[in-house]
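**Student:** Mind having a look at this structure? Questions to follow.
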Amino acid sequence: MATLYLVSTPIGNLEDLSPRAAGVLRSVSRILAEDTRRSRILADRVGSEAALVSVHEHNERARASRIVSWLDQGENLALVTDAGTPLVSDPGARVVDAVVAAGHVVTPIPGPSAPLAALVASGLPAERFTFLGFPARRGRARQADLTRIARSAETTVLFESPQRLVRLLEDLESACGAERRICVAREVTKVHEEFVRGSVAEALGHYREHAPRGEVTVVVGPSDAARDAQASVAHARALAADRLRAGARPSAVAREVAERHGLARNLAYRIVHDLQDSATDE
């Protein structure tokens, strides 16, 4: 059966292309590319003679049926973006959906990813995180993004253009507070790679004096208050589970959980009821 390969490509340093990715690009009959001019450089570098076909946000829906027909005819295809992992804030979702619906194989070829590279080098918690892509530029949608970041118990990763970075940092300072931990990763894997780590206020001061250039990824640390609340609920749940296993009455368990962990009584009862429902399902 024909296969659509989702090939991750370098985000700056061409040496980051994996041998497996290079082999796939050489083996397929066509490379579906966001920008064929940029992808031609990569194809030539690995010695691929595959035909390049443009697939971008403006023609993706129209291309999908044609791509499925190529797979129907037994052609293996590779989907690439300009840089990084396909579909991550880049085109490709409609193509993959159509290919899956048609019953063909979709195989990822993992590799470079700007959000992950920035996250792991940020110095911020990486065990749980949320990726938001580019934040909304204005209105209620932007305020919703900022509120979500401000209240998050997890690290948040997002993209921003260098021209809008200072405005984003100003908005984050208002929403999250000046001392919220942050890392601005710029030009990751490239010659002028830069990581500015510290508080939102420190990053804002830096970029007000030094106009940013190139690709920017912003990593915002979690809200300490949200993390503390999340930890308190986790401990409360563990206590309730122990008490229920020991045979205590649910109402008594809920009262104890609320008192020991400072939780609202209705939240404590909900924890107990959820545990009871889980036990019943099992």
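By order in the structure tokens, chains are A, B, ...; within a chain, residues start at 1; ligands start at 1, following the order shown.
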Neighbours of Glu57 (chain A) within 12 Å (only C-alpha atoms; same-chain residues fewer than 3 positions away dropped), as a PyMOL selection string?
**Tutor:** chain A and resi 33-35+54+60-64+81+87+89-95
**Student:** Output N, CA and C atoms for every residue in that selection, as a compact mmCIF listing (two decimals), in the first residue's frame.
**Tutor:**
```txt
# COMPACT_ATOMS: atom_id res chain seq x y z
N ALA A 33 5.37 20.23 -0.96
CA ALA A 33 6.13 21.25 -0.24
C ALA A 33 5.36 22.55 -0.09
N GLU A 34 5.51 23.17 1.07
CA GLU A 34 4.88 24.47 1.31
C GLU A 34 5.43 25.52 0.35
N ASP A 35 6.75 25.53 0.17
CA ASP A 35 7.41 26.43 -0.77
C ASP A 35 8.40 25.59 -1.57
N SER A 54 3.58 22.05 -5.00
CA SER A 54 3.26 23.02 -3.96
C SER A 54 1.96 22.64 -3.25
N GLU A 60 -4.38 23.81 -0.38
CA GLU A 60 -4.35 22.49 0.25
C GLU A 60 -5.64 21.71 0.03
N ARG A 61 -6.78 22.36 0.19
CA ARG A 61 -8.05 21.66 0.04
C ARG A 61 -8.21 21.12 -1.39
N ALA A 62 -7.83 21.94 -2.37
CA ALA A 62 -7.95 21.52 -3.77
C ALA A 62 -6.96 20.41 -4.11
N ARG A 63 -5.79 20.43 -3.49
CA ARG A 63 -4.75 19.44 -3.78
C ARG A 63 -5.06 18.07 -3.19
N ALA A 64 -5.85 18.04 -2.12
CA ALA A 64 -6.03 16.80 -1.36
C ALA A 64 -6.51 15.64 -2.23
N THR A 81 7.28 20.78 5.29
CA THR A 81 7.00 22.19 5.45
C THR A 81 8.30 22.95 5.22
N LEU A 87 2.42 20.24 9.73
CA LEU A 87 1.15 20.41 10.44
C LEU A 87 1.26 21.22 11.72
N SER A 89 1.54 24.34 13.20
CA SER A 89 1.40 25.73 12.74
C SER A 89 1.77 25.86 11.27
N ASP A 90 1.57 24.80 10.52
CA ASP A 90 1.86 24.78 9.09
C ASP A 90 0.79 23.97 8.37
N PRO A 91 0.71 24.08 7.04
CA PRO A 91 -0.30 23.34 6.28
C PRO A 91 -0.09 21.82 6.37
N GLY A 92 -1.12 21.09 5.99
CA GLY A 92 -1.01 19.63 5.90
C GLY A 92 -2.15 18.87 6.54
N ALA A 93 -2.89 19.49 7.44
CA ALA A 93 -3.93 18.77 8.17
C ALA A 93 -5.02 18.25 7.23
N ARG A 94 -5.43 19.06 6.26
CA ARG A 94 -6.48 18.61 5.33
C ARG A 94 -5.99 17.45 4.48
N VAL A 95 -4.73 17.51 4.08
CA VAL A 95 -4.16 16.42 3.27
C VAL A 95 -4.14 15.13 4.07
```
**Student:** Enumerate as a ChimeraX atom specification all residues of region 25-270 of chain A assigned to strand (DSSP E or B) by DSSP on the backbone, naming them with the chain letters and numbers the document uses.
**Tutor:** /A:30-33,51-54,77-80,84,105-109,129-133,155-160,181-186,194-199,216-220
**Student:** Now that the selection is made, can you save its residues with N, CA and C atoms as a tab-separated table (two decimals), in the first residue's frame?
**Tutor:**
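Output file again17.tsv is given in full below:
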```tsv
chain	number	residue	atom	x	y	z
A	30	ARG	N	7.13	11.98	-5.34
A	30	ARG	CA	6.81	13.42	-5.26
A	30	ARG	C	7.02	13.92	-3.83
A	31	ILE	N	7.45	15.18	-3.74
A	31	ILE	CA	7.57	15.86	-2.46
A	31	ILE	C	6.55	16.99	-2.44
A	32	LEU	N	5.63	16.94	-1.49
A	32	LEU	CA	4.60	17.97	-1.34
A	32	LEU	C	5.17	19.05	-0.42
A	33	ALA	N	5.37	20.23	-0.96
A	33	ALA	CA	6.13	21.25	-0.24
A	33	ALA	C	5.36	22.55	-0.09
A	51	ALA	N	9.68	14.87	-7.99
A	51	ALA	CA	9.00	16.09	-8.44
A	51	ALA	C	8.48	16.84	-7.22
A	52	LEU	N	8.59	18.17	-7.24
A	52	LEU	CA	8.08	18.98	-6.14
A	52	LEU	C	6.72	19.56	-6.51
A	53	VAL	N	5.77	19.43	-5.60
A	53	VAL	CA	4.41	19.90	-5.81
A	53	VAL	C	4.06	20.86	-4.67
A	54	SER	N	3.58	22.05	-5.00
A	54	SER	CA	3.26	23.02	-3.96
A	54	SER	C	1.96	22.64	-3.25
A	77	LEU	N	4.61	9.28	-1.32
A	77	LEU	CA	4.76	10.73	-1.31
A	77	LEU	C	5.36	11.19	0.02
A	78	ALA	N	6.02	12.34	0.00
A	78	ALA	CA	6.53	12.96	1.22
A	78	ALA	C	5.93	14.35	1.36
A	79	LEU	N	5.46	14.68	2.54
A	79	LEU	CA	4.96	16.02	2.83
A	79	LEU	C	5.96	16.73	3.72
A	80	VAL	N	6.40	17.91	3.30
A	80	VAL	CA	7.35	18.68	4.11
A	80	VAL	C	6.81	20.10	4.26
A	84	GLY	N	10.91	22.44	10.02
A	84	GLY	CA	10.32	21.78	11.17
A	84	GLY	C	9.38	20.66	10.81
A	105	VAL	N	-1.63	4.66	4.15
A	105	VAL	CA	-0.74	4.70	5.30
A	105	VAL	C	-0.16	6.11	5.44
A	106	VAL	N	-0.14	6.63	6.66
A	106	VAL	CA	0.53	7.90	6.97
A	106	VAL	C	1.61	7.60	8.00
A	107	THR	N	2.85	7.92	7.67
A	107	THR	CA	3.98	7.60	8.54
A	107	THR	C	4.79	8.86	8.86
A	108	PRO	N	4.99	9.18	10.14
A	108	PRO	CA	5.82	10.34	10.48
A	108	PRO	C	7.30	9.98	10.43
A	109	ILE	N	8.10	10.91	9.97
A	109	ILE	CA	9.56	10.80	10.04
A	109	ILE	C	10.01	11.91	10.99
A	129	PHE	N	3.17	20.54	28.92
A	129	PHE	CA	3.17	21.85	28.28
A	129	PHE	C	2.03	21.96	27.28
A	130	THR	N	1.72	23.21	26.92
A	130	THR	CA	0.69	23.50	25.92
A	130	THR	C	1.32	24.31	24.81
A	131	PHE	N	1.03	23.94	23.55
A	131	PHE	CA	1.52	24.70	22.41
A	131	PHE	C	0.34	25.42	21.77
A	132	LEU	N	0.45	26.75	21.66
A	132	LEU	CA	-0.66	27.55	21.15
A	132	LEU	C	-0.43	28.09	19.75
A	133	GLY	N	0.73	27.83	19.15
A	133	GLY	CA	1.00	28.42	17.85
A	133	GLY	C	1.12	29.92	17.96
A	155	THR	N	3.60	24.80	31.38
A	155	THR	CA	4.37	25.69	30.53
A	155	THR	C	3.65	25.88	29.21
A	156	THR	N	3.70	27.08	28.66
A	156	THR	CA	3.06	27.40	27.39
A	156	THR	C	4.11	27.79	26.36
A	157	VAL	N	3.99	27.23	25.17
A	157	VAL	CA	4.91	27.54	24.07
A	157	VAL	C	4.10	28.18	22.95
A	158	LEU	N	4.61	29.25	22.39
A	158	LEU	CA	3.93	29.91	21.29
A	158	LEU	C	4.92	30.56	20.34
A	159	PHE	N	4.46	30.82	19.14
A	159	PHE	CA	5.26	31.52	18.14
A	159	PHE	C	4.88	32.99	18.13
A	160	GLU	N	5.79	33.83	17.66
A	160	GLU	CA	5.46	35.23	17.42
A	160	GLU	C	6.44	35.78	16.40
A	181	ARG	N	8.15	33.73	34.88
A	181	ARG	CA	9.35	33.23	34.20
A	181	ARG	C	9.07	33.00	32.72
A	182	ILE	N	10.08	33.31	31.90
A	182	ILE	CA	9.89	33.24	30.46
A	182	ILE	C	11.23	32.97	29.79
A	183	CYS	N	11.14	32.44	28.58
A	183	CYS	CA	12.32	32.29	27.74
A	183	CYS	C	11.91	32.66	26.32
A	184	VAL	N	12.66	33.57	25.72
A	184	VAL	CA	12.46	33.91	24.32
A	184	VAL	C	13.60	33.26	23.53
A	185	ALA	N	13.24	32.31	22.68
A	185	ALA	CA	14.23	31.60	21.86
A	185	ALA	C	14.19	32.17	20.45
A	186	ARG	N	15.35	32.60	19.99
A	186	ARG	CA	15.41	33.25	18.68
A	186	ARG	C	16.44	32.57	17.79
A	194	GLU	N	19.83	32.50	19.98
A	194	GLU	CA	19.82	33.29	21.21
A	194	GLU	C	18.68	32.82	22.12
A	195	PHE	N	18.98	32.71	23.41
A	195	PHE	CA	17.97	32.42	24.41
A	195	PHE	C	18.03	33.52	25.47
A	196	VAL	N	16.93	34.22	25.64
A	196	VAL	CA	16.83	35.24	26.69
A	196	VAL	C	15.92	34.66	27.76
A	197	ARG	N	16.51	34.33	28.91
A	197	ARG	CA	15.77	33.69	30.00
A	197	ARG	C	15.68	34.64	31.18
A	198	GLY	N	14.58	34.57	31.89
A	198	GLY	CA	14.40	35.42	33.06
A	198	GLY	C	12.94	35.73	33.28
A	199	SER	N	12.65	36.92	33.78
A	199	SER	CA	11.26	37.33	34.00
A	199	SER	C	10.72	37.98	32.73
A	216	VAL	N	11.10	33.45	16.05
A	216	VAL	CA	10.97	33.62	17.50
A	216	VAL	C	9.99	32.60	18.07
A	217	THR	N	10.41	31.94	19.14
A	217	THR	CA	9.53	31.06	19.90
A	217	THR	C	9.55	31.52	21.35
A	218	VAL	N	8.39	31.67	21.95
A	218	VAL	CA	8.28	32.16	23.32
A	218	VAL	C	7.80	31.03	24.22
A	219	VAL	N	8.51	30.83	25.33
A	219	VAL	CA	8.14	29.80	26.30
A	219	VAL	C	7.82	30.50	27.62
A	220	VAL	N	6.59	30.33	28.08
A	220	VAL	CA	6.13	31.00	29.31
A	220	VAL	C	5.95	29.97	30.41
```
**Student:** Which residue, A:Asp97, A:Glu256, A:Glu215, A:Asp242, has the smallest gap to Lys190 (chain A) when you use only C-alpha atoms?
**Tutor:**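 Of A:Asp97, A:Glu256, A:Glu215, A:Asp242, the one nearest Lys190 (chain A) is A:Glu215, counting only C-alpha atoms.
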**Student:** Pick out the residues sitting within 7 Å of Arg180 (chain A), and hand them over as a PyMOL selection string; count only C-alpha atoms, and ignore anything fewer than 2 positions along from it in its own chain.
**Tutor:** chain A and resi 176-178+182+199-200+221
**Student:** Could you tell me how far CA of Arg38 (chain A) sits from CA of Leu4 (chain A), in Å to one decimal place?
**Tutor:**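 According to the coordinates, CA of Leu4 (chain A) and CA of Arg38 (chain A) are separated by 20.2 Å.
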**Student:** Excluding same-chain residues fewer than 3 positions from Gln276 (chain A), what lies within 12 Å of it counting only C-alpha atoms, as a short mmCIF file (atom, residue, chain, number, x, y, z; two decimals) with C-alpha atoms, in the first residue's frame?
**Tutor:**
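Full text of part-v1.cif as output:
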```cif
data_model
loop_
_atom_site.label_atom_id
_atom_site.label_comp_id
_atom_site.auth_asym_id
_atom_site.auth_seq_id
_atom_site.Cartn_x
_atom_site.Cartn_y
_atom_site.Cartn_z
CA ARG A 237 -7.62 12.75 45.44
CA ALA A 240 -9.84 10.32 49.35
CA ALA A 241 -8.92 7.13 47.51
CA ARG A 243 -10.07 6.59 52.88
CA LEU A 244 -12.62 5.06 50.53
CA ARG A 245 -10.57 1.87 50.23
CA GLY A 247 -14.28 1.75 54.09
CA ARG A 249 -18.29 6.87 54.46
CA PRO A 250 -18.13 9.13 51.37
CA SER A 251 -19.57 12.14 53.20
CA VAL A 253 -14.20 11.46 53.36
CA ALA A 254 -15.33 14.60 51.56
CA TYR A 269 -17.54 15.99 47.14
CA ARG A 270 -16.91 15.94 43.40
CA ILE A 271 -13.52 14.26 43.94
CA VAL A 272 -15.12 11.59 46.09
CA HIS A 273 -17.98 11.01 43.67
CA ALA A 279 -14.58 2.20 41.06
CA THR A 280 -18.06 1.28 39.81
CA ASP A 281 -16.91 1.32 36.18
CA GLU A 282 -14.05 -1.00 37.02
#
```
**Student:** Counting only C-alpha atoms, figure out which residue out of A:Arg167, A:Arg255, A:Arg45, A:Arg213 gets nearest to Ala268 (chain A).
**Tutor:**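 Between A:Arg167, A:Arg255, A:Arg45, A:Arg213, the residue approaching Ala268 (chain A) most closely is A:Arg255.
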**Student:** Find, counting only C-alpha atoms, the residue in A:Arg140, A:Arg260, A:Arg66, A:His192 that gets nearest to Asn13 (chain A).
**Tutor:**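 Between A:Arg140, A:Arg260, A:Arg66, A:His192, the residue approaching Asn13 (chain A) most closely is A:His192.
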**Student:** For Gly47 (chain A), please output as a list in words all residues within 12 Å (counting only C-alpha atoms; exclusion window: fewer than 2 positions along the same chain).
**Tutor:**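 Counting only C-alpha atoms, the residues come to Ala22, Gly23, Val24, Leu25, Arg26, Ser27, Val28, Arg40, Ile41, Leu42, Ala43, Asp44, Arg45, Glu49 and Ala50 of chain A.
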